[in-house]
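Asker: Handing over start-v7.txt, compact mmCIF, C-alpha atoms.
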```
# COMPACT_ATOMS: atom_id res chain seq x y z
CA MET A 1 -42.55 46.15 -16.18
CA PRO A 2 -41.39 49.67 -17.05
CA ALA A 3 -37.68 49.35 -17.68
CA ASP A 4 -36.91 52.77 -16.23
CA PHE A 5 -37.80 51.49 -12.77
CA ALA A 6 -36.26 48.01 -12.90
CA THR A 7 -32.75 49.33 -12.28
CA VAL A 8 -31.00 46.62 -10.30
CA THR A 9 -27.36 47.09 -11.23
CA ALA A 10 -24.40 44.78 -10.73
CA ASP A 11 -23.33 46.78 -7.68
CA ASP A 12 -26.70 46.60 -5.95
CA LEU A 13 -27.84 44.39 -3.11
CA VAL A 14 -31.62 44.21 -2.79
CA THR A 15 -33.32 43.88 0.58
CA GLY A 16 -36.61 42.10 1.18
CA GLU A 17 -38.47 45.40 0.87
CA GLY A 18 -37.09 45.99 -2.61
CA VAL A 19 -34.49 48.54 -1.53
CA ALA A 20 -31.31 48.54 -3.59
CA LEU A 21 -28.21 49.12 -1.49
CA ASP A 22 -25.32 50.37 -3.60
CA LEU A 23 -21.79 49.17 -2.80
CA PRO A 24 -19.62 51.64 -4.78
CA ALA A 25 -16.41 50.15 -6.11
CA ALA A 26 -13.17 51.79 -5.00
CA THR A 27 -11.61 54.18 -7.50
CA LEU A 28 -8.26 53.60 -9.16
CA GLY A 29 -6.67 56.35 -7.08
CA LEU A 30 -7.82 54.84 -3.80
CA ARG A 31 -6.73 51.37 -4.88
CA MET A 32 -3.26 52.67 -5.80
CA ALA A 33 -2.86 54.57 -2.53
CA SER A 34 -4.03 51.59 -0.52
CA GLY A 35 -1.81 49.24 -2.50
CA LEU A 36 1.28 51.41 -2.04
CA LEU A 37 0.76 51.46 1.72
CA ASP A 38 0.30 47.69 1.73
CA MET A 39 3.51 47.30 -0.29
CA VAL A 40 5.47 49.37 2.20
CA VAL A 41 4.09 47.31 5.09
CA THR A 42 4.85 44.09 3.20
CA VAL A 43 8.45 45.08 2.40
CA VAL A 44 9.13 46.13 5.99
CA THR A 45 7.58 42.88 7.25
CA PHE A 46 9.64 40.85 4.77
CA ILE A 47 12.92 42.49 5.81
CA GLY A 48 12.13 42.13 9.51
CA LEU A 49 11.14 38.45 9.27
CA TYR A 50 14.08 37.55 7.03
CA LEU A 51 16.60 39.19 9.33
CA LEU A 52 15.03 37.42 12.28
CA LEU A 53 15.28 34.03 10.58
CA LEU A 54 18.83 34.75 9.42
CA VAL A 55 19.90 35.50 12.96
CA ALA A 56 18.34 32.20 14.05
CA ALA A 57 20.16 30.34 11.25
CA LEU A 58 23.59 31.97 11.64
CA PRO A 59 24.94 29.51 14.24
CA PHE A 60 24.47 26.67 11.74
CA ALA A 61 26.12 28.48 8.78
CA ASP A 62 24.20 26.32 6.33
CA ALA A 63 23.43 27.69 2.84
CA ALA A 64 20.42 25.41 2.50
CA LEU A 65 19.07 26.74 5.78
CA PHE A 66 19.51 30.31 4.56
CA ALA A 67 17.58 29.45 1.37
CA ALA A 68 14.84 27.81 3.43
CA ALA A 69 14.64 30.95 5.58
CA LEU A 70 14.15 33.03 2.43
CA VAL A 71 11.38 30.77 1.12
CA LEU A 72 9.63 30.67 4.49
CA THR A 73 9.82 34.46 4.76
CA MET A 74 8.28 34.89 1.31
CA VAL A 75 5.45 32.46 2.05
CA LEU A 76 4.66 34.14 5.36
CA THR A 77 4.96 37.71 4.04
CA PHE A 78 3.22 37.44 0.68
CA LEU A 79 0.66 34.69 1.32
CA ALA A 80 -0.02 33.63 4.90
CA LEU A 81 -0.05 36.95 6.74
CA PRO A 82 -2.06 38.98 4.14
CA SER A 83 -4.61 36.17 3.77
CA ALA A 84 -5.03 35.80 7.53
CA LEU A 85 -5.32 39.57 8.02
CA GLU A 86 -7.99 40.03 5.34
CA THR A 87 -9.93 37.04 6.66
CA LEU A 88 -9.90 38.20 10.28
CA THR A 89 -10.74 41.82 9.39
CA ARG A 90 -13.49 40.84 6.90
CA GLY A 91 -11.69 42.06 3.79
CA ARG A 92 -9.43 44.79 5.13
CA SER A 93 -5.66 45.10 4.84
CA VAL A 94 -3.57 47.84 6.46
CA GLY A 95 -3.94 50.03 3.38
CA LYS A 96 -7.66 49.38 3.10
CA LEU A 97 -8.17 50.23 6.77
CA ALA A 98 -6.34 53.51 6.26
CA PHE A 99 -8.34 54.52 3.17
CA GLY A 100 -11.75 53.13 4.12
CA LEU A 101 -11.84 50.23 1.67
CA ARG A 102 -12.95 46.63 2.02
CA THR A 103 -12.81 43.52 -0.14
CA VAL A 104 -16.17 41.77 -0.64
CA ARG A 105 -17.46 38.89 -2.73
CA ASP A 106 -19.13 39.65 -6.04
CA ASP A 107 -22.50 39.28 -4.28
CA GLY A 108 -21.49 41.79 -1.59
CA GLY A 109 -20.87 39.26 1.18
CA PRO A 110 -17.74 38.99 3.34
CA ILE A 111 -14.79 37.09 1.92
CA SER A 112 -13.43 33.84 3.35
CA PHE A 113 -9.85 32.62 3.75
CA HIS A 114 -10.13 30.95 0.35
CA HIS A 115 -10.91 34.28 -1.35
CA ALA A 116 -8.10 36.05 0.52
CA LEU A 117 -5.58 33.33 -0.32
CA VAL A 118 -6.41 33.38 -4.03
CA ARG A 119 -6.09 37.18 -4.08
CA SER A 120 -2.73 36.97 -2.33
CA MET A 121 -1.37 34.30 -4.68
CA ILE A 122 -2.37 36.16 -7.85
CA GLY A 123 -1.37 39.45 -6.24
CA PHE A 124 2.21 38.27 -5.72
CA VAL A 125 2.51 37.67 -9.46
CA GLU A 126 0.69 40.73 -10.80
CA ILE A 127 1.92 43.24 -8.21
CA TYR A 128 5.39 42.13 -7.08
CA ALA A 129 6.64 39.93 -9.94
CA PHE A 130 5.40 42.29 -12.68
CA THR A 131 5.72 45.59 -10.75
CA GLY A 132 1.95 46.13 -10.60
CA ALA A 133 1.41 46.77 -14.33
CA PRO A 134 -1.17 43.96 -14.86
CA ALA A 135 -3.09 45.09 -11.76
CA PHE A 136 -3.07 48.74 -12.90
CA PHE A 137 -4.49 48.05 -16.35
CA SER A 138 -6.97 45.49 -15.04
CA ILE A 139 -8.37 47.97 -12.49
CA LEU A 140 -8.40 50.72 -15.13
CA LEU A 141 -10.44 48.65 -17.59
CA SER A 142 -12.82 47.00 -15.11
CA SER A 143 -16.16 48.62 -14.30
CA ARG A 144 -15.75 47.39 -10.71
CA GLY A 145 -12.05 48.16 -10.43
CA LYS A 146 -11.07 44.47 -10.34
CA ARG A 147 -7.46 43.38 -10.54
CA LEU A 148 -6.61 39.89 -11.82
CA GLY A 149 -6.70 38.47 -8.30
CA ASP A 150 -10.24 39.76 -7.88
CA TYR A 151 -11.36 38.04 -11.08
CA ALA A 152 -9.81 34.77 -9.93
CA ALA A 153 -11.30 34.98 -6.43
CA GLY A 154 -14.71 36.41 -7.39
CA THR A 155 -14.24 39.58 -5.33
CA TYR A 156 -13.96 43.33 -5.68
CA VAL A 157 -13.01 46.26 -3.44
CA VAL A 158 -15.64 48.72 -2.21
CA ARG A 159 -15.59 52.00 -0.35
CA ASP A 160 -16.55 51.18 3.20
CA ARG A 161 -17.17 54.73 4.46
CA VAL A 162 -20.01 55.77 2.17
CA ARG A 163 -23.02 57.15 4.01
CA LEU A 164 -26.08 55.01 3.28
CA ARG A 165 -29.38 56.87 2.94
CA LEU A 166 -32.50 54.80 2.54
CA PRO A 167 -35.70 56.44 1.23
CA ALA A 168 -38.61 56.73 3.63
CA PRO A 169 -41.06 53.84 3.19
CA PRO A 170 -44.38 54.73 1.53
CA PRO A 171 -47.23 55.24 4.03
CA MET A 172 -50.44 53.22 3.99
CA PRO A 173 -53.25 55.04 2.12
CA PRO A 174 -56.11 55.28 4.70
CA GLN A 175 -58.82 54.49 2.14
CA LEU A 176 -57.18 51.16 1.30
CA ALA A 177 -56.04 50.12 4.77
CA ASP A 178 -58.99 47.75 5.41
CA TRP A 179 -58.62 46.04 2.04
CA ALA A 180 -54.86 45.62 2.47
CA ARG A 181 -55.23 44.11 5.96
CA ARG A 182 -57.68 41.48 4.68
CA ALA A 183 -55.88 40.77 1.40
CA ASP A 184 -53.70 37.76 0.77
CA LEU A 185 -50.37 39.29 -0.29
CA ALA A 186 -47.73 37.01 -1.74
CA ALA A 187 -44.08 38.08 -1.81
CA LEU A 188 -43.37 40.20 -4.86
CA PRO A 189 -40.50 39.27 -7.20
CA THR A 190 -37.37 41.25 -6.42
CA GLY A 191 -37.44 43.26 -9.62
CA THR A 192 -41.12 44.15 -9.23
CA ALA A 193 -40.73 45.15 -5.58
CA LEU A 194 -37.74 47.33 -6.41
CA ALA A 195 -39.52 48.95 -9.34
CA VAL A 196 -42.56 49.77 -7.18
CA ARG A 197 -40.39 51.28 -4.43
CA GLN A 198 -38.49 53.39 -6.95
CA PHE A 199 -41.70 54.55 -8.61
CA LEU A 200 -43.32 55.57 -5.33
CA GLY A 201 -40.19 57.43 -4.30
CA ARG A 202 -40.10 59.38 -7.56
CA LEU A 203 -43.78 60.31 -7.77
CA PRO A 204 -43.22 64.08 -7.31
CA THR A 205 -40.76 64.16 -10.22
CA LEU A 206 -43.07 62.52 -12.78
CA ASP A 207 -45.54 64.27 -15.05
CA PRO A 208 -49.19 63.13 -14.73
CA VAL A 209 -49.22 61.16 -18.01
CA SER A 210 -46.05 59.19 -17.26
CA ARG A 211 -47.11 58.75 -13.65
CA ASP A 212 -50.40 57.11 -14.63
CA ARG A 213 -48.85 55.00 -17.38
CA VAL A 214 -46.08 53.60 -15.17
CA ALA A 215 -48.46 53.04 -12.25
CA ARG A 216 -50.83 50.97 -14.41
CA GLY A 217 -47.96 48.94 -15.81
CA LEU A 218 -46.61 48.17 -12.33
CA LEU A 219 -50.09 47.37 -11.01
CA ALA A 220 -50.49 44.79 -13.78
CA ASP A 221 -47.34 43.06 -12.46
CA VAL A 222 -48.50 43.25 -8.83
CA ILE A 223 -52.13 42.11 -9.21
CA PRO A 224 -51.26 38.41 -9.78
CA HIS A 225 -49.70 38.38 -6.30
CA VAL A 226 -52.70 39.93 -4.54
CA ALA A 227 -56.12 38.49 -3.69
CA PRO A 228 -58.80 39.72 -3.69
CA ALA A 229 -58.39 42.46 -6.26
CA PRO A 230 -58.33 46.06 -4.98
CA PRO A 231 -61.60 48.01 -4.80
CA PRO A 232 -62.88 49.15 -8.22
CA GLY A 233 -61.73 52.62 -9.15
CA ALA A 234 -58.84 52.69 -6.67
CA PRO A 235 -55.95 54.79 -8.07
CA PRO A 236 -53.13 52.46 -9.18
CA GLU A 237 -50.42 54.35 -7.31
CA LEU A 238 -52.41 54.13 -4.05
CA VAL A 239 -52.89 50.38 -4.53
CA LEU A 240 -49.15 49.99 -5.02
CA ALA A 241 -48.46 52.01 -1.88
CA ALA A 242 -50.96 49.93 0.10
CA VAL A 243 -49.40 46.64 -1.03
CA VAL A 244 -45.86 47.74 -0.18
CA ALA A 245 -46.88 49.21 3.19
CA GLU A 246 -48.85 46.12 4.21
CA ARG A 247 -46.04 43.79 3.17
CA ARG A 248 -43.67 45.81 5.29
CA GLU A 249 -45.94 45.66 8.34
CA ARG A 250 -46.41 41.90 8.00
CA ASP A 251 -42.68 41.37 7.64
CA LEU A 252 -42.06 43.43 10.77
CA VAL A 253 -44.62 41.37 12.71
CA ARG A 254 -43.09 38.14 11.44
CA LEU A 255 -39.60 39.26 12.41
CA GLY A 256 -40.89 40.32 15.83
CA ARG A 257 -42.42 36.90 16.42
CA ALA A 258 -39.21 35.18 15.34
CA GLU A 259 -37.15 37.34 17.68
CA SER A 260 -39.54 36.70 20.57
CA LEU A 261 -39.36 32.96 19.94
CA ARG A 262 -35.59 33.07 19.79
CA GLU A 263 -35.43 34.92 23.10
CA ARG A 264 -37.75 32.37 24.75
CA LEU A 265 -35.74 29.44 23.42
CA THR A 266 -32.40 30.89 24.48
CA ALA A 267 -33.56 32.20 27.87
CA ARG A 268 -32.24 30.15 30.79
CA ASP A 269 -34.44 29.03 33.67
CA PRO A 270 -33.29 30.98 36.77
CA GLY A 271 -33.86 27.83 38.87
CA MET A 272 -31.33 25.94 36.76
CA LEU A 273 -28.51 28.46 37.20
CA PRO A 274 -25.51 27.15 39.18
CA ARG A 275 -25.52 28.18 42.81
```
Now that the file is in, can you turn its structure into C-alpha cells?
Answerer:
Amino acid sequence: MPADFATVTADDLVTGEGVALDLPAATLGLRMASGLLDMVVTVVTFIGLYLLLLVAALPFADAALFAAALVLTMVLTFLALPSALETLTRGRSVGKLAFGLRTVRDDGGPISFHHALVRSMIGFVEIYAFTGAPAFFSILLSSRGKRLGDYAAGTYVVRDRVRLRLPAPPPMPPQLADWARRADLAALPTGTALAVRQFLGRLPTLDPVSRDRVARGLLADVIPHVAPAPPPGAPPELVLAAVVAERRERDLVRLGRAESLRERLTARDPGMLPR
C-alpha cells in the first residue's frame, strides 16, 4: 500500500467508510487557562465547604472533629466532586466547559468515573501538592498534551469546538455501476479503505504518473476483497471509486434495514395501550 495514503495517526478515529476523524489535542495555553479556572473554582469550593463544616462542628468544640472536617472537605473538593462532574458531563470540568475542551479516552471514547477518579487523584499531587510543575512539563513534552494523570488514566484532552468537515464521498462511475452491483464486496481493511478514500479525494492534486502508480498499487490491495474481478481495461481509479461507492450504498441499506427492524420491535401495539 502506498505509504503516503495510509496516514492513520494516533489522533485519528476511523469510520466504517475509511474516513479519519481528527480529535486535535488541546494546546498548552488552553490547558493552562482551563486549569487556572478550575483551580479558582476548587479553592472557592474548598473554603465554602470547610467553613460550612466548621460551623456545624463548632458546638462540639472537638479538635478531632475539626480535623475530620478538614479531611472530608479535601476528599470532597479534590476527588469526589471533580470526578463526579467530569463523569456526568462526559469529560468536562468548569474550565473545560469555558474553553471548549473535553477529556476523552486514548481511543477517543467518553471517559468513565474510573478515568475521572484517577485523573483527580494524580492531579491533586501534580497540580496542588507540587504547584503544577510536573503537569506543566508533562503537557509541554507530550505530543498529545498529556499530564501525568492522563498517562495514568489513559486519557487526553481535546478541543471540543473544532468544526468537522468530511470530504464528499466519491460518486459511482456509470460505466462500472452494473459490475459493482453484482460483485461480491468484502469489507476492506481499515488502512486500505482510508488510503483509497484519501487517494480519491486528492486526485486533482496528483500528476498523471503518480496518479496511475498509486491507483494500481491500491487496486492490488483491493482486488483480493472483490469478486468477480473488474472488467478488463477498466481504469484503476474508477474501479476504486466504484468499490467505495457500492460499499457505502450497501452499508446505508443495511443500516436502514436495521433501523426499520428496531422501530418495528420497539413499536407498541395501539390495542395494548392502557385505557
Asker: Could you work out how far CA of Leu76 (chain A) lies from CA of Met32 (chain A), giving the answer in Å with one decimal?
Answerer: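 It comes out at 23.0 Å.
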Asker: Using only C-alpha atoms, which of the listed residues (A:Arg202, A:His225, A:Ala267, A:Ala26) sits closest to Ser142 (chain A)?
Answerer: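 Going through A:Arg202, A:His225, A:Ala267, A:Ala26 one by one, the smallest distance to Ser142 (chain A) is for A:Ala26.
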Asker: Quick one: pull the distance between CA of Ala215 (chain A) and CA of Glu237 (chain A), Å, one decimal.
Answerer: 5.5 Å
Asker: State, in Å with one decimal place, the distance from CA of Pro169 (chain A) to CA of Arg105 (chain A).
Answerer: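 Taking CA of Pro169 (chain A) as the start and CA of Arg105 (chain A) as the end point, the length is 28.6 Å.
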Asker: Name the residues in contact with region 130-136 of chain A at a cut-off of 9 Å, using only C-alpha atoms, excluding same-chain residues fewer than 5 positions from it; report them as an MDAnalysis selection string.
Answerer: chainID A and resid 28 32 123:125 141 146:149
